[in-house]
>>> print(open('target19.pdb').read())   # PDB, C-alpha atoms and all ligand atoms
ATOM      1  CA  MET A 121      15.768   1.214   6.983
ATOM      2  CA  LEU A 122      12.109   2.107   6.539
ATOM      3  CA  HIS A 123      11.087   3.229   3.049
ATOM      4  CA  PHE A 124       7.625   4.552   2.148
ATOM      5  CA  PHE A 125       6.644   4.667  -1.524
ATOM      6  CA  TYR A 126       3.329   6.434  -1.907
ATOM      7  CA  GLY A 127       1.207   6.912  -4.996
ATOM      8  CA  VAL A 128      -2.376   7.445  -6.128
ATOM      9  CA  MET A 129      -4.758   4.773  -7.393
ATOM     10  CA  GLY A 130      -3.527   3.557 -10.760
ATOM     11  CA  SER A 131       0.131   4.499 -10.257
ATOM     12  CA  SER A 132       1.256   0.841 -10.373
ATOM     13  CA  LYS A 133       2.505   0.719  -6.790
ATOM     14  CA  SER A 134       1.903  -3.022  -6.481
ATOM     15  CA  ALA A 135       3.643  -3.660  -9.820
ATOM     16  CA  MET A 136       6.698  -1.727  -8.605
ATOM     17  CA  LEU A 137       6.669  -3.653  -5.338
ATOM     18  CA  LEU A 138       6.459  -6.994  -7.135
ATOM     19  CA  MET A 139       9.252  -6.107  -9.572
ATOM     20  CA  GLN A 140      11.534  -4.930  -6.766
ATOM     21  CA  ARG A 141      10.774  -8.096  -4.781
ATOM     22  CA  HIS A 142      11.523 -10.183  -7.871
ATOM     23  CA  ASN A 143      14.952  -8.543  -8.189
ATOM     24  CA  TYR A 144      15.842  -9.484  -4.603
ATOM     25  CA  LEU A 145      14.572 -13.040  -5.082
ATOM     26  CA  GLN A 146      16.737 -13.418  -8.184
ATOM     27  CA  LEU A 147      19.760 -12.478  -6.080
ATOM     28  CA  GLY A 148      18.803 -15.246  -3.667
ATOM     29  CA  ARG A 149      17.840 -12.851  -0.858
ATOM     30  CA  ARG A 150      15.269 -13.814   1.762
ATOM     31  CA  VAL A 151      12.199 -11.695   1.203
ATOM     32  CA  ALA A 152       8.896 -11.556   3.095
ATOM     33  CA  LEU A 153       5.734 -10.147   1.559
ATOM     34  CA  ILE A 154       3.106  -8.689   3.898
ATOM     35  CA  LYS A 155      -0.416  -7.610   3.099
ATOM     36  CA  PRO A 156      -2.869  -6.102   5.586
ATOM     37  CA  ALA A 157      -5.978  -8.295   5.899
ATOM     38  CA  ILE A 158      -8.347  -5.432   5.101
ATOM     39  CA  ASP A 159      -7.561  -5.462   1.376
ATOM     40  CA  THR A 160      -9.839  -8.027  -0.248
ATOM     41  CA  ARG A 161      -9.713  -6.828  -3.859
ATOM     42  CA  ILE A 162      -8.951 -10.298  -5.219
ATOM     43  CA  ASP A 163      -8.609 -12.523  -2.170
ATOM     44  CA  ALA A 164      -7.047 -12.248   1.241
ATOM     45  CA  VAL A 165      -3.621 -13.542   0.259
ATOM     46  CA  THR A 166      -2.874 -12.335  -3.275
ATOM     47  CA  VAL A 167      -0.883  -9.174  -3.987
ATOM     48  CA  TYR A 168      -2.235  -8.138  -7.342
ATOM     49  CA  SER A 169      -1.297  -5.376  -9.774
ATOM     50  CA  ARG A 170      -3.376  -4.093 -12.648
ATOM     51  CA  VAL A 171      -0.591  -4.784 -15.159
ATOM     52  CA  GLY A 172      -0.948  -8.493 -14.453
ATOM     53  CA  LEU A 173       1.776  -9.319 -11.948
ATOM     54  CA  GLN A 174       0.745 -11.080  -8.772
ATOM     55  CA  ALA A 175       2.190 -13.007  -5.843
ATOM     56  CA  ALA A 176       0.929 -14.706  -2.704
ATOM     57  CA  ALA A 177       1.576 -12.799   0.505
ATOM     58  CA  ASP A 178       3.653 -14.650   3.102
ATOM     59  CA  ILE A 179       1.816 -12.856   5.904
ATOM     60  CA  VAL A 180      -1.759 -11.559   5.865
ATOM     61  CA  LEU A 181      -1.644  -9.125   8.748
ATOM     62  CA  ASP A 182      -4.661  -8.506  10.978
ATOM     63  CA  ALA A 183      -4.968  -5.103  12.622
ATOM     64  CA  GLY A 184      -4.270  -6.615  16.033
ATOM     65  CA  SER A 185      -1.221  -8.651  14.963
ATOM     66  CA  SER A 186       2.399  -7.921  15.782
ATOM     67  CA  VAL A 187       4.647  -7.571  12.727
ATOM     68  CA  ARG A 188       7.618  -8.757  14.786
ATOM     69  CA  GLU A 189       5.810 -11.924  15.925
ATOM     70  CA  GLN A 190       4.501 -12.721  12.455
ATOM     71  CA  LEU A 191       7.968 -12.327  10.914
ATOM     72  CA  SER A 192       9.489 -14.539  13.622
ATOM     73  CA  TRP A 193       6.954 -17.302  12.989
ATOM     74  CA  LEU A 194       7.489 -17.039   9.244
ATOM     75  CA  ALA A 195      11.242 -17.374   9.730
ATOM     76  CA  VAL A 196      10.758 -20.447  11.938
ATOM     77  CA  ARG A 197       8.464 -22.062   9.349
ATOM     78  CA  HIS A 198      11.143 -21.530   6.680
ATOM     79  CA  GLY A 199      14.056 -22.567   8.894
ATOM     80  CA  HIS A 200      15.679 -19.122   8.783
ATOM     81  CA  ASN A 201      16.753 -16.687  11.444
ATOM     82  CA  THR A 202      15.173 -13.694   9.802
ATOM     83  CA  PHE A 203      13.975 -12.000   6.641
ATOM     84  CA  PRO A 204      16.287  -9.096   5.796
ATOM     85  CA  PHE A 205      13.936  -7.649   3.152
ATOM     86  CA  VAL A 206      10.266  -7.059   3.921
ATOM     87  CA  PHE A 207       7.726  -5.709   1.437
ATOM     88  CA  VAL A 208       4.341  -4.338   2.558
ATOM     89  CA  ASP A 209       1.581  -3.803   0.006
ATOM     90  CA  GLU A 210      -1.390  -1.497   0.758
ATOM     91  CA  ALA A 211       0.633  -0.081   3.647
ATOM     92  CA  GLN A 212      -1.950   2.651   4.302
ATOM     93  CA  PHE A 213      -3.961  -0.092   6.043
ATOM     94  CA  LEU A 214      -1.256  -0.757   8.646
ATOM     95  CA  THR A 215      -2.222   0.487  12.090
ATOM     96  CA  GLU A 216      -0.216   3.265  13.696
ATOM     97  CA  ALA A 217       1.108   0.708  16.218
ATOM     98  CA  GLN A 218       2.285  -1.589  13.396
ATOM     99  CA  VAL A 219       4.132   1.266  11.668
ATOM    100  CA  GLN A 220       5.764   2.159  14.987
ATOM    101  CA  GLU A 221       6.796  -1.480  15.363
ATOM    102  CA  ILE A 222       8.231  -1.545  11.836
ATOM    103  CA  ALA A 223      10.151   1.689  12.469
ATOM    104  CA  ASP A 224      11.607   0.206  15.655
ATOM    105  CA  MET A 225      12.776  -2.875  13.668
ATOM    106  CA  SER A 226      14.225  -0.928  10.769
ATOM    107  CA  ASP A 227      17.817  -1.327  11.973
ATOM    108  CA  GLU A 228      17.399  -5.106  11.462
ATOM    109  CA  HIS A 229      15.356  -5.152   8.225
ATOM    110  CA  GLU A 230      14.859  -3.191   5.046
ATOM    111  CA  PHE A 231      11.147  -2.390   4.973
ATOM    112  CA  TYR A 232       9.644  -1.353   1.646
ATOM    113  CA  CYS A 233       6.111  -0.072   2.297
ATOM    114  CA  TYR A 234       3.932   0.805  -0.686
ATOM    115  CA  GLY A 235       0.581   2.515  -0.339
ATOM    116  CA  LEU A 236      -1.753   5.448  -0.705
ATOM    117  CA  LYS A 237      -0.942   8.717   1.015
ATOM    118  CA  THR A 238      -4.506   9.984   1.414
ATOM    119  CA  ASP A 239      -8.078   8.696   1.285
ATOM    120  CA  PHE A 240     -10.936   9.825  -0.990
ATOM    121  CA  LEU A 241     -11.504  12.919   1.184
ATOM    122  CA  GLY A 242      -7.854  13.932   1.075
ATOM    123  CA  ASN A 243      -7.156  12.848   4.668
ATOM    124  CA  PHE A 244      -4.305  10.616   5.754
ATOM    125  CA  PHE A 245      -4.935   6.980   6.492
ATOM    126  CA  PRO A 246      -3.601   6.103   9.968
ATOM    127  CA  GLY A 247      -0.903   3.935   8.367
ATOM    128  CA  SER A 248       0.221   6.539   5.848
ATOM    129  CA  ALA A 249       0.248   9.310   8.482
ATOM    130  CA  ALA A 250       2.543   7.199  10.644
ATOM    131  CA  LEU A 251       4.731   6.312   7.640
ATOM    132  CA  MET A 252       5.021   9.996   6.661
ATOM    133  CA  ARG A 253       6.185  10.716  10.222
ATOM    134  CA  LEU A 254       8.568   7.806  10.713
ATOM    135  CA  ALA A 255       9.888   6.577   7.335
ATOM    136  CA  GLU A 256      13.551   7.321   6.697
ATOM    137  CA  GLU A 257      13.031   7.528   2.948
ATOM    138  CA  ILE A 258       9.814   8.785   1.347
ATOM    139  CA  SER A 259       9.371   8.560  -2.427
ATOM    140  CA  GLU A 260       6.491   9.128  -4.785
ATOM    141  CA  VAL A 261       5.548   6.355  -7.213
ATOM    142  CA  PRO A 262       5.133   8.303 -10.448
ATOM    143  CA  GLY A 263       2.828   7.680 -13.349
ATOM    144  CA  GLY A 264      -0.674   8.252 -11.974
ATOM    145  CA  LEU A 265      -2.663  10.360 -14.432
ATOM    146  CA  CYS A 266      -5.982  12.183 -14.238
ATOM    147  CA  TRP A 267      -8.362  11.666 -17.188
ATOM    148  CA  CYS A 268      -7.386  15.216 -18.321
ATOM    149  CA  GLY A 269      -3.755  14.154 -18.731
ATOM    150  CA  SER A 270      -2.438  16.069 -15.695
ATOM    151  CA  LYS A 271      -0.587  14.350 -12.903
ATOM    152  CA  ALA A 272      -3.011  12.678 -10.480
ATOM    153  CA  THR A 273      -2.318  13.533  -6.852
ATOM    154  CA  MET A 274      -5.690  12.768  -5.222
ATOM    155  CA  ASN A 275      -7.847   9.655  -4.911
ATOM    156  CA  ALA A 276     -11.551   9.833  -5.714
ATOM    157  CA  ARG A 277     -14.324   7.398  -4.843
ATOM    158  CA  VAL A 278     -16.782   7.128  -7.730
ATOM    159  CA  ASP A 279     -20.033   5.244  -8.121
ATOM    160  CA  ALA A 280     -21.163   3.125 -11.068
ATOM    161  CA  ASN A 281     -22.187   6.295 -12.986
ATOM    162  CA  GLY A 282     -18.814   7.944 -12.510
ATOM    163  CA  THR A 283     -20.166  10.408  -9.943
ATOM    164  CA  VAL A 284     -17.544  11.460  -7.384
ATOM    165  CA  ILE A 285     -18.667  10.553  -3.847
ATOM    166  CA  LYS A 286     -17.548  12.847  -1.034
ATOM    167  CA  HIS A 287     -19.090  11.160   1.991
ATOM    168  CA  GLY A 288     -18.918   7.820   3.750
ATOM    169  CA  GLU A 289     -16.483   5.706   5.695
ATOM    170  CA  GLN A 290     -12.758   5.947   5.048
ATOM    171  CA  VAL A 291     -12.460   2.314   3.990
ATOM    172  CA  LEU A 292     -14.917   0.797   1.515
ATOM    173  CA  ILE A 293     -13.324  -1.899  -0.589
ATOM    174  CA  ASP A 294     -14.157  -1.572  -4.234
ATOM    175  CA  ASN A 295     -15.129  -5.133  -5.124
ATOM    176  CA  GLN A 296     -17.770  -5.298  -2.379
ATOM    177  CA  GLN A 297     -19.635  -2.110  -3.254
ATOM    178  CA  ALA A 298     -20.758  -0.465  -6.460
ATOM    179  CA  ILE A 299     -17.807   1.894  -6.179
ATOM    180  CA  ARG A 300     -14.312   2.206  -7.521
ATOM    181  CA  TYR A 301     -11.345   4.492  -6.956
ATOM    182  CA  VAL A 302      -9.567   6.663  -9.498
ATOM    183  CA  GLY A 303      -6.644   9.066  -9.349
ATOM    184  CA  LEU A 304      -7.501  12.672 -10.237
ATOM    185  CA  CYS A 305      -5.596  15.951 -10.435
ATOM    186  CA  TYR A 306      -6.317  18.292  -7.538
ATOM    187  CA  TYR A 307      -8.624  20.532  -9.574
ATOM    188  CA  HIS A 308     -10.815  17.719 -10.884
ATOM    189  CA  TRP A 309     -10.849  16.059  -7.458
ATOM    190  CA  ARG A 310     -11.934  19.385  -5.889
ATOM    191  CA  ILE A 311     -14.798  19.981  -8.328
ATOM    192  CA  GLY A 312     -15.700  16.270  -8.379
ATOM    193  CA  LYS A 313     -15.334  15.537 -12.097
ATOM    194  CA  SER A 314     -14.122  12.004 -12.803
ATOM    195  CA  HIS A 315     -14.432  11.950 -16.618
ATOM    196  CA  ALA A 316     -14.517  14.228 -19.668
TER     197      ALA A 316
HETATM  198 ZN    ZN A 401      -7.615  16.533 -14.177
END
>>> encode(input="target19.pdb", output="structure tokens", more="lines below")
Ligand SMILES: [Zn+2]
Amino acid sequence: MLHFFYGVMGSSKSAMLLMQRHNYLQLGRRVALIKPAIDTRIDAVTVYSRVGLQAAADIVLDAGSSVREQLSWLAVRHGHNTFPFVFVDEAQFLTEAQVQEIADMSDEHEFYCYGLKTDFLGNFFPGSAALMRLAEEISEVPGGLCWCGSKATMNARVDANGTVIKHGEQVLIDNQQAIRYVGLCYYHWRIGKSHA
């Protein structure tokens, strides 16, 4: 089955993923952790959450790579047939073809994909659009709050002064630029106000 858990920046998606993965590991289940290569917040291989949990990804997935092939090679390296449980962090960075591949494998694996629904302009990422179309279960990761205390539903790109930026490429990773991302309520996202 293919599950998509979406949430805004700051909603502890990666923490939820890592806790759920931990529960399966404690039961002795075979679990694979995938991270798209585009996310370089800490380093290429670490799945990191702001609350302090982290784990090394088993597969760092390039845009041109096949999920099926990568999982097969991982299973061979570990002397298994397969990984029944597969977790994907930052799943918005999957390509549409990779999400299609995952959907087509979801009778053989439980896929837990965690990621953003929309970018800083309110548009789908290719990966999240495909997940919204094809996932069999779609859930919101709760807890993301705007600075005003309302529920955050949108992601804003802000510069070092806290000014909301409404132009630029869809993907700019925060540790490489003088930018960061925050979750805002729709109203404050619309008027571009990222702080009191
Ligand atoms: Zn607000």
>>> residues_near_ligand(input="target19.pdb", ligand="ligand ZN 401 (chain A)", cutoff="12 Å", atoms="only C-alpha atoms and all ligand atoms", output="number ranges by chain")
A: 264-276, 302-316
>>> resolve_selection(input="target19.pdb", expression="the PyMOL selection byres (((chain A and resi 200-210) around 8) and not hetatm)", output="ChimeraX atom specification")
/A:134,137,141,149-156,159,167,191-192,195-199,211-214,228-236
>>> atom_distance(input="target19.pdb", atom1="CA of Arg253 (chain A)", atom2="CA of Asp178 (chain A)")
26.5 Å
>>> atom_distance(input="target19.pdb", atom1="CA of Val128 (chain A)", atom2="CA of Gly247 (chain A)")
15.0 Å
>>> resolve_selection(input="target19.pdb", expression="the PyMOL selection byres (((chain A and resi 282) around 9) and not hetatm)", output="ChimeraX atom specification")
/A:277-281,283-284,299-300,313-315
>>> resolve_selection(input="target19.pdb", expression="the PyMOL selection byres (((chain A and resi 215-217) around 6) and not hetatm)", output="MDAnalysis selection string")
chainID A and resid 214 218:220 246:247 250
>>> atom_distance(input="target19.pdb", atom1="CA of Glu257 (chain A)", atom2="CA of Asp224 (chain A)")
14.7 Å
>>> closest_residue(input="target19.pdb", among="A:Gly172, A:Gly148, A:Gly288, A:Pro262", to="Lys133 (chain A)", atoms="only C-alpha atoms")
A:Pro262
>>> closest_residue(input="target19.pdb", among="A:Val261, A:Val291, A:Leu181, A:Ala298", to="Phe245 (chain A)", atoms="all atoms listed in the file")
A:Val291
>>> closest_residue(input="target19.pdb", among="A:Ala255, A:Ala135, A:Ile222, A:Ala157", to="Ser186 (chain A)", atoms="all atoms listed in the file")
A:Ile222
>>> closest_residue(input="target19.pdb", among="A:Asn243, A:Val187, A:Ile158, A:Leu194", to="Ala223 (chain A)", atoms="all atoms listed in the file")
A:Val187
